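Visitor: My structure is below; once you've seen it, I'll send some questions.
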Amino acid sequence: MSSSIAHQAAVLSQRVQAIKESPTLAITAKAGKYKAEGRPIIGLAAGEPDFDTPQHIKDAAKAAIDAGFTKYTPVAGIPGLKKAIVNKFKNENGFDYALNEVIVGVGGKQTIFNLCLAVLNKNDEVIIPAPYWVSYADIALVAEATPVIIECGIEQGFKLQPAQLEAAITPKTKIFMINSPSNPTGAVYSLDELKALGEVLLKHPHVLVATDDMYEHVNLTGDKFYNILNAAPALKDRCIVLNGVSKAYSMTGWRIGYAAGPAYIIKAMEILQSQSTSNATSISQVAAQAALEGSQDCIKPMVAAFKERHKYVVDRFNSMPGLSCLMAGGAFYAFADARKAITQLHLQGKINAATDMALAEYLLESFDVAVVPGSAFGAEGYFRISFATSMDNLKNALDRIEKALS
C-alpha cells in the first residue's frame, strides 16, 4: 500500500499535492451522497442562493440560443458585456475603466486564478486575512507563492487591523487580498477602516491589491458599499477589482466572473485564459449582460429574505450553549465561534477530538446537518453555515444543532 502511495506521489505534481479539495464542495458532495441514500440531510455548506435566476436573465439566454449565439467569442468577453461591466463600475462604484482594462472569466474563481498566475513568482508572498474564502491560499500555492495568513478573530470583528497589515508586509509581498463583504464571516469594512488600510498600502508601492467584491449586492444593513479603491483612489494603478454575477443574481452555475485593473495585468490574464478555457460560455455572457443592464429590483426580494433569515440564525446561535455569533454586514453566512462548545463536547466524550472538524463530523453523522468547519477558512474552532436556504430548513437544522450541543 505504501509503495502504491509513493508511486502516486511520484506521478502527481508537487503543485497539486500542495493543495486540497475545496472543503465546502467536499462536504456538500458528502451530504448529497447521504441524502441520495435516503438520510434527512439538511445541507448548510454551499454558498449558493436558493432563489432562481431572474426571468429576464433566463429569457436573454434563451434568445441568444435561438439566435445561434453559440460560437467562440473574444477571450476577454463579448463587447456588450464588457461595456456593461464598465458602466456598472462607473455608475455604482465611481470607477473609470476602459474596455481593455476589463476581463470576463469562467466564474470569479477563474479571474482570481488568472490574476495569481499572471503576477506571482516562486516565493512571492500573498497576504490573506483569516477567516478567508477557502480558495485564496490554495490558489496562491498553485502559483508557487507563499500565503501569509493573518488571524483576525471574532474579538476584532473578523477585520484586519492596519498594524497587522503593516507588520505582515515584507519586500517579498506581492498581493494583498481583501474580501468585503467577507465569505465566510459576512464582515464588511467601513470607509474609515478601508482608508486606514489604504494608508498602509500607499507606503508600500510594490504591493498589488486584489479586492474581491463578489457579495457587494448582498447587503444586510442598507449602508453604502465601499471598497478599498473608494477609500484610497491612489491605489488604482496597482489594484484589481474582482466581482461577478453569481451571488447577486443567483447565477452560480452560469459561471461568469469579471475583473478590472491595469491594462497590462488584464492582458496577461487574457493570455493565460486563452491557453486554458478561452472565452466564458457565449450564452452565459449574454445572460450576465442582461443582469447588469436590466432592472436591479430583482435583487431586493432575495436580500430581504436573507436579512430575515440572518437575524433568526444569529439570535438562535447566541442562545445556544457554547456558541457566539456576530451580526454580519453582508453575504449570506453566519460564522459561529464554537470553541467553548467544542471543549464541552470533547470533555463529555461526544466528539473524539477538540477540533472544529470533529464537531462538523458529529453534526453530519449524528444529526444530519452539514456545516463547514472554520479551519477550512483558516479559523480553527468556528463553523460556517449558509442561510441561503428556506426558513423551514434553517429552523429544523438549528433545532438539530441545539440538540447536539445540549
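By order in the C-alpha cells, chains are A, B, ...; within a chain, residues start at 1; ligands start at 1, following the order shown.
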Identify, on the basis of only C-alpha atoms, every residue whose closest approach to range 369-378 of chain A does not exceed 9 Å; exclude the query and any residue fewer than 2 positions from it along the same chain; express the result as a ChimeraX atom specification.
Guide: /A:22-24,27-28,30-31,40-46,129-135,149,151,183-184,335-337,355-367,380-386,397-398,400-401
Visitor: Might you pull out every residue within 9 Å of Val75 in chain A, with only C-alpha atoms counted and same-chain residues fewer than 6 positions away left off, and present them as a PyMOL selection string?
Guide: chain A and resi 103-105+270-271+273-274+277-280
Visitor: Taking all heavy atoms for each residue, export the selection above as a PDB file, in the first residue's frame.
Guide:
ATOM      1  N   ILE A 103     -11.838  42.178 -17.938  1.00  0.00           N
ATOM      2  CA  ILE A 103     -11.856  40.814 -18.482  1.00  0.00           C
ATOM      3  C   ILE A 103     -13.001  40.023 -17.856  1.00  0.00           C
ATOM      4  O   ILE A 103     -13.343  40.224 -16.681  1.00  0.00           O
ATOM      5  CB  ILE A 103     -10.509  40.085 -18.235  1.00  0.00           C
ATOM      6  CG1 ILE A 103     -10.488  38.733 -18.972  1.00  0.00           C
ATOM      7  CG2 ILE A 103     -10.220  39.911 -16.748  1.00  0.00           C
ATOM      8  CD1 ILE A 103      -9.113  38.074 -19.012  1.00  0.00           C
ATOM      9  N   VAL A 104     -13.598  39.144 -18.660  1.00  0.00           N
ATOM     10  CA  VAL A 104     -14.658  38.244 -18.207  1.00  0.00           C
ATOM     11  C   VAL A 104     -14.065  36.852 -18.090  1.00  0.00           C
ATOM     12  O   VAL A 104     -13.392  36.372 -19.013  1.00  0.00           O
ATOM     13  CB  VAL A 104     -15.831  38.230 -19.211  1.00  0.00           C
ATOM     14  CG1 VAL A 104     -16.913  37.243 -18.764  1.00  0.00           C
ATOM     15  CG2 VAL A 104     -16.406  39.636 -19.371  1.00  0.00           C
ATOM     16  N   GLY A 105     -14.307  36.196 -16.962  1.00  0.00           N
ATOM     17  CA  GLY A 105     -13.775  34.856 -16.748  1.00  0.00           C
ATOM     18  C   GLY A 105     -14.869  33.840 -16.488  1.00  0.00           C
ATOM     19  O   GLY A 105     -16.054  34.185 -16.376  1.00  0.00           O
ATOM     20  N   GLU A 270      -5.628  37.652 -19.747  1.00  0.00           N
ATOM     21  CA  GLU A 270      -6.265  37.216 -21.001  1.00  0.00           C
ATOM     22  C   GLU A 270      -5.399  36.175 -21.720  1.00  0.00           C
ATOM     23  O   GLU A 270      -5.916  35.170 -22.241  1.00  0.00           O
ATOM     24  CB  GLU A 270      -6.499  38.419 -21.910  1.00  0.00           C
ATOM     25  CG  GLU A 270      -7.178  38.056 -23.225  1.00  0.00           C
ATOM     26  CD  GLU A 270      -7.312  39.241 -24.181  1.00  0.00           C
ATOM     27  OE1 GLU A 270      -7.048  40.383 -23.762  1.00  0.00           O
ATOM     28  OE2 GLU A 270      -7.674  39.016 -25.345  1.00  0.00           O
ATOM     29  N   ILE A 271      -4.094  36.401 -21.728  1.00  0.00           N
ATOM     30  CA  ILE A 271      -3.181  35.441 -22.370  1.00  0.00           C
ATOM     31  C   ILE A 271      -3.295  34.077 -21.689  1.00  0.00           C
ATOM     32  O   ILE A 271      -3.392  33.029 -22.344  1.00  0.00           O
ATOM     33  CB  ILE A 271      -1.733  35.965 -22.336  1.00  0.00           C
ATOM     34  CG1 ILE A 271      -1.588  37.173 -23.273  1.00  0.00           C
ATOM     35  CG2 ILE A 271      -0.736  34.865 -22.726  1.00  0.00           C
ATOM     36  CD1 ILE A 271      -0.286  37.941 -23.104  1.00  0.00           C
ATOM     37  N   GLN A 273      -5.844  32.936 -19.984  1.00  0.00           N
ATOM     38  CA  GLN A 273      -7.169  32.382 -20.253  1.00  0.00           C
ATOM     39  C   GLN A 273      -7.255  31.830 -21.672  1.00  0.00           C
ATOM     40  O   GLN A 273      -7.935  30.833 -21.919  1.00  0.00           O
ATOM     41  CB  GLN A 273      -8.244  33.449 -20.013  1.00  0.00           C
ATOM     42  CG  GLN A 273      -9.664  32.893 -19.986  1.00  0.00           C
ATOM     43  CD  GLN A 273     -10.643  33.886 -19.394  1.00  0.00           C
ATOM     44  OE1 GLN A 273     -10.460  34.369 -18.288  1.00  0.00           O
ATOM     45  NE2 GLN A 273     -11.702  34.183 -20.127  1.00  0.00           N
ATOM     46  N   SER A 274      -6.529  32.453 -22.607  1.00  0.00           N
ATOM     47  CA  SER A 274      -6.548  31.978 -23.996  1.00  0.00           C
ATOM     48  C   SER A 274      -5.956  30.571 -24.102  1.00  0.00           C
ATOM     49  O   SER A 274      -6.257  29.836 -25.037  1.00  0.00           O
ATOM     50  CB  SER A 274      -5.775  32.942 -24.904  1.00  0.00           C
ATOM     51  OG  SER A 274      -4.367  32.784 -24.735  1.00  0.00           O
ATOM     52  N   THR A 277      -9.296  28.086 -20.750  1.00  0.00           N
ATOM     53  CA  THR A 277     -10.701  27.910 -21.158  1.00  0.00           C
ATOM     54  C   THR A 277     -11.062  28.630 -22.441  1.00  0.00           C
ATOM     55  O   THR A 277     -12.141  28.392 -22.993  1.00  0.00           O
ATOM     56  CB  THR A 277     -11.644  28.441 -20.066  1.00  0.00           C
ATOM     57  OG1 THR A 277     -11.341  29.823 -19.855  1.00  0.00           O
ATOM     58  CG2 THR A 277     -11.487  27.670 -18.773  1.00  0.00           C
ATOM     59  N   SER A 278     -10.224  29.548 -22.910  1.00  0.00           N
ATOM     60  CA  SER A 278     -10.645  30.533 -23.916  1.00  0.00           C
ATOM     61  C   SER A 278     -11.786  31.357 -23.313  1.00  0.00           C
ATOM     62  O   SER A 278     -11.759  31.656 -22.130  1.00  0.00           O
ATOM     63  CB  SER A 278     -11.050  29.860 -25.230  1.00  0.00           C
ATOM     64  OG  SER A 278      -9.944  29.166 -25.783  1.00  0.00           O
ATOM     65  N   ASN A 279     -12.816  31.668 -24.109  1.00  0.00           N
ATOM     66  CA  ASN A 279     -13.874  32.541 -23.613  1.00  0.00           C
ATOM     67  C   ASN A 279     -14.785  31.831 -22.612  1.00  0.00           C
ATOM     68  O   ASN A 279     -14.929  30.609 -22.622  1.00  0.00           O
ATOM     69  CB  ASN A 279     -14.731  33.049 -24.777  1.00  0.00           C
ATOM     70  CG  ASN A 279     -15.368  31.923 -25.572  1.00  0.00           C
ATOM     71  OD1 ASN A 279     -14.728  31.357 -26.455  1.00  0.00           O
ATOM     72  ND2 ASN A 279     -16.622  31.577 -25.279  1.00  0.00           N
ATOM     73  N   ALA A 280     -15.406  32.636 -21.756  1.00  0.00           N
ATOM     74  CA  ALA A 280     -16.524  32.121 -20.954  1.00  0.00           C
ATOM     75  C   ALA A 280     -17.669  31.787 -21.913  1.00  0.00           C
ATOM     76  O   ALA A 280     -17.714  32.279 -23.046  1.00  0.00           O
ATOM     77  CB  ALA A 280     -16.959  33.173 -19.942  1.00  0.00           C
TER      78      ALA A 280
END
Visitor: Calculated over only C-alpha atoms, which of the candidates A:Leu345, A:Asn318, A:Asp297, A:Ser406 has the smallest distance to Pro54 in chain A?
Guide: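 Of all the options, A:Asp297 lies closest to Pro54 in chain A.
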Visitor: From the options A:Leu323, A:Ala291, A:Val11, A:Met214, which residue's atoms come nearest to Thr111 in chain A, counting only C-alpha atoms?
Guide: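 Distance minimum relative to Thr111 in chain A lands on A:Met214.
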Visitor: Residues within 10 Å of Gln161 in chain A, please, as a list in words. Count only C-alpha atoms; anything in the same chain fewer than 2 positions from it doesn't count.
Guide: Pro129, Ile150, Cys152, Gln156, Phe158, Lys159, Ala163, Gln164, Leu165, Glu166, Glu193, Leu194, Ala196 and Leu197 of chain A
